[in-house]
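Data block below; observations after.
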Amino acid sequence: MSEPRRGLGRGLSALMDEASAAGEGAPAGTREIPIEQIHRNPAQPRVDFDGEAAERLAASVRDKGVLQPILVRPSPDRPGDYQIVAGERRWRAAQAAGLASLPVVLREFDDQEALEIAIVENVQRADLNPVEEAAGYAALIERFGRTQEEVAESVGKSRSHVANAVRLLDLPAPIVAMLKGGQLTAGHARAIATAPNPVALAHEVARKGLSVRAAERLGRRAIAEVRGTAGKGGPTKDADTRALEADLGRALGLSVDIAHRAGRGAVTIRYETLEQLDELCRRLGRG
């Protein structure tokens with residue numbers, strides 16, 4: 001049996017301290033590398049970079065240089081070059097500032113370690129949006145066969161935090177886009193995830209600027225309304241039909257009603273905006 005891997009929280013802190021010390025003049029393995037030999041990691045969980053913040057950092061680098069080395073590893077697919085493990089913002093800023101080289105701390109990491117460190121660095125600095133964080137955890141699970149418990153230990157989070165984060169990726173595409181854009185928080189998304197027509201609720205939450213508690217009340221009210229309507233007329237639906245309605249509703253991000261009797265029936269899909277109708281047509285037209 002392989003030995004359990006130690007969490008990277010403290011290990012990353014040590015590496016960052018080492019890089020910081022190197023920036024103050026201590027050797028600690030720092031070196032200058034031509035900037036054209038340094039490349040981003042395509043598995044880097046962070047995708048969105050704030051343009052205004054990037055411009056400010058580039059101006060600072062142009063004025064004072066890069067004060068803290070970035071962490072790199074030998075490039076796995078470009079012999080003689082290097083791949084960023086932590087510090088992509090500084091690398092981007094150095095490019096924008098026109099620097100010819102960058103101070104780096106070089107370490108040997110495999111793909112899994114590089115991804116774990118990138119996630120930890122960004123999570124510690126609150127640089128990832130909820131979707132990027134969830135995608136990073138999912139990559140560790142799917143690409144490297146890690147369990148949620150192992151991922152949680154590696155990045156210094158609880159197992160429930162990792163599980164809740166990964167579930168966000170199963171939400172309807174419009175809600176995922178709102179999470180990436182900052183219109184919703186992960187708490188908002190979880191509050192309405194199991195409600196009927198969660199996309200419409202998400203737009204209402206964003207439009208009204210509701211708190212997470214208010215979003216939870218909104219989701220509970222929507223569920224209660226559907227249950228009340230179902231109980232007022234017609235025969236009670238069996239558990240399988242209700243489960244199928246819920247599965248289709250989550251998959252489509254819309255309210256779904258199934259009327260089934262004597263081997264035949266109808267599926268009713270309700271939308272509230274033209275955007276929802278367009279999204280439904282796009283999904284149905286994929287095949």
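Numbering starts fresh at 1 for the residues of each chain in the structure tokens, the chains themselves are lettered A, B, ... in the order given, and ligands are numbered from 1 as they appear.
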Non-local contacts of A:Gly209 (10 Å; only C-alpha atoms; under 5 positions in same chain excluded) as an NGL selection string: :A and (183-184 or 203-204 or 214-215)
Just list as JSON, numbers by chain whatever in stretch 18-263 of chain A DSSP marks as strand (DSSP E or B). {"A": [30, 31, 32, 33, 34, 38, 39, 70, 71, 72, 73, 74, 82, 83, 84, 85, 86, 101, 102, 103, 104, 105, 106, 255, 256, 257, 258, 259, 260, 261]}
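Atom pair atom CA of A:Tyr82 / atom CA of A:Gln68 has a distance of 17.2 Å (rounded to one decimal).
The residue that comes closest to A:Glu116, out of A:Pro45, A:Pro196, A:Gly182, A:Gly249 and on the basis of only C-alpha atoms, is A:Pro45.
Non-sequential neighbours of A:His188 (distance at most 9 Å, separation of 5 or more positions within a chain, only C-alpha atoms) are Ala193, Ala202, Val205, Leu210, Ser211, Val212, Arg213, Ala214, Ala215 and Glu216 of chain A.
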Put those residues in a file: C-alpha atoms, as a PDB file, in the first residue's frame.
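Final output, saved to result-v4.pdb:
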ATOM      1  CA  ALA A 193     -29.877  24.062  -6.699  1.00  0.00           C
ATOM      2  CA  ALA A 202     -30.659  32.543  -9.927  1.00  0.00           C
ATOM      3  CA  VAL A 205     -31.287  36.442  -6.734  1.00  0.00           C
ATOM      4  CA  LEU A 210     -30.408  38.810  -2.280  1.00  0.00           C
ATOM      5  CA  SER A 211     -28.360  37.390   0.574  1.00  0.00           C
ATOM      6  CA  VAL A 212     -27.706  33.664   0.821  1.00  0.00           C
ATOM      7  CA  ARG A 213     -30.335  33.394   3.571  1.00  0.00           C
ATOM      8  CA  ALA A 214     -32.875  35.142   1.360  1.00  0.00           C
ATOM      9  CA  ALA A 215     -31.960  32.816  -1.526  1.00  0.00           C
ATOM     10  CA  GLU A 216     -32.553  29.821   0.752  1.00  0.00           C
TER      11      GLU A 216
END
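Nearest-residue note for A:Ala97: choosing from A:Arg62, A:Arg242, A:Arg264, A:Arg78, the minimum distance belongs to A:Arg62, counting only C-alpha atoms.
Secondary structure by DSSP on the backbone puts the following residues of stretch 27-77 of chain A in helix (DSSP H, G or I): Ile35, Glu36, Gln37, Gly51, Glu52, Ala53, Ala54, Glu55, Arg56, Leu57, Ala58, Ala59, Ser60, Val61, Arg62, Asp63 and Lys64 of chain A.
Compared by their closest atoms to A:Glu133, and using only C-alpha atoms, the residues A:Arg146, A:Arg221, A:Lys64, A:Arg167 rank with A:Arg167 nearest.
Among the candidates A:Ala177, A:Val226, A:Ala163, A:Leu284, the one nearest to A:Ala251 when counting only C-alpha atoms is A:Leu284.
In this structure, atom CA of A:Ile117 sits 8.0 Å away from atom CA of A:Val155.
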For A:Arg107, list every protein, DNA or RNA residue within 9 Å, evaluated using only C-alpha atoms, and leave out those in the same chain fewer than 4 positions away; present the list as a list in words. Gly29, Leu71, Val72, Arg73 and Pro74 of chain A
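Separating atom CA of A:Ile192 from atom CA of A:Gly219 is a distance of 4.9 Å.
Minimum atom-to-atom distances from A:Ala86, A:Ala173, A:Val166, A:Ala96 to A:Thr147 were compared using only C-alpha atoms, and the lowest value belongs to A:Val166.
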Can you build me a table of stretch 96-192 of chain A residues sitting at most 12 Å from stretch 272-282 of chain A, with the closest atom pair per residue and its distance in Å to one decimal, using only C-alpha atoms, sorted by chain and residue number, as a Markdown table?
| residue | atom | partner | partner_atom | distance |
| --- | --- | --- | --- | --- |
| A:Pro172 | CA | A:Glu279 | CA | 10.0 |
| A:Ala173 | CA | A:Glu279 | CA | 9.0 |
| A:Pro174 | CA | A:Glu279 | CA | 8.8 |
| A:Ile175 | CA | A:Gln276 | CA | 11.6 |
Save the residues we just selected, N, CA and C atoms, as an mmCIF file, in the first residue's frame?
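What follows is the written file result.cif:
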data_model
loop_
_atom_site.group_PDB
_atom_site.id
_atom_site.type_symbol
_atom_site.label_atom_id
_atom_site.label_comp_id
_atom_site.auth_asym_id
_atom_site.auth_seq_id
_atom_site.Cartn_x
_atom_site.Cartn_y
_atom_site.Cartn_z
ATOM 1 N N PRO A 172 -26.978 23.901 -13.990
ATOM 2 C CA PRO A 172 -27.224 24.351 -15.364
ATOM 3 C C PRO A 172 -26.197 25.393 -15.813
ATOM 4 N N ALA A 173 -25.897 25.376 -17.103
ATOM 5 C CA ALA A 173 -24.851 26.250 -17.647
ATOM 6 C C ALA A 173 -25.051 27.729 -17.304
ATOM 7 N N PRO A 174 -26.273 28.277 -17.353
ATOM 8 C CA PRO A 174 -26.428 29.700 -17.015
ATOM 9 C C PRO A 174 -26.010 30.020 -15.574
ATOM 10 N N ILE A 175 -26.269 29.091 -14.644
ATOM 11 C CA ILE A 175 -25.874 29.328 -13.259
ATOM 12 C C ILE A 175 -24.356 29.247 -13.120
#
Minimum-distance residue to A:Ala165, chosen among A:Gly98, A:Pro34, A:Pro130, A:Pro69 (using only C-alpha atoms): A:Pro130
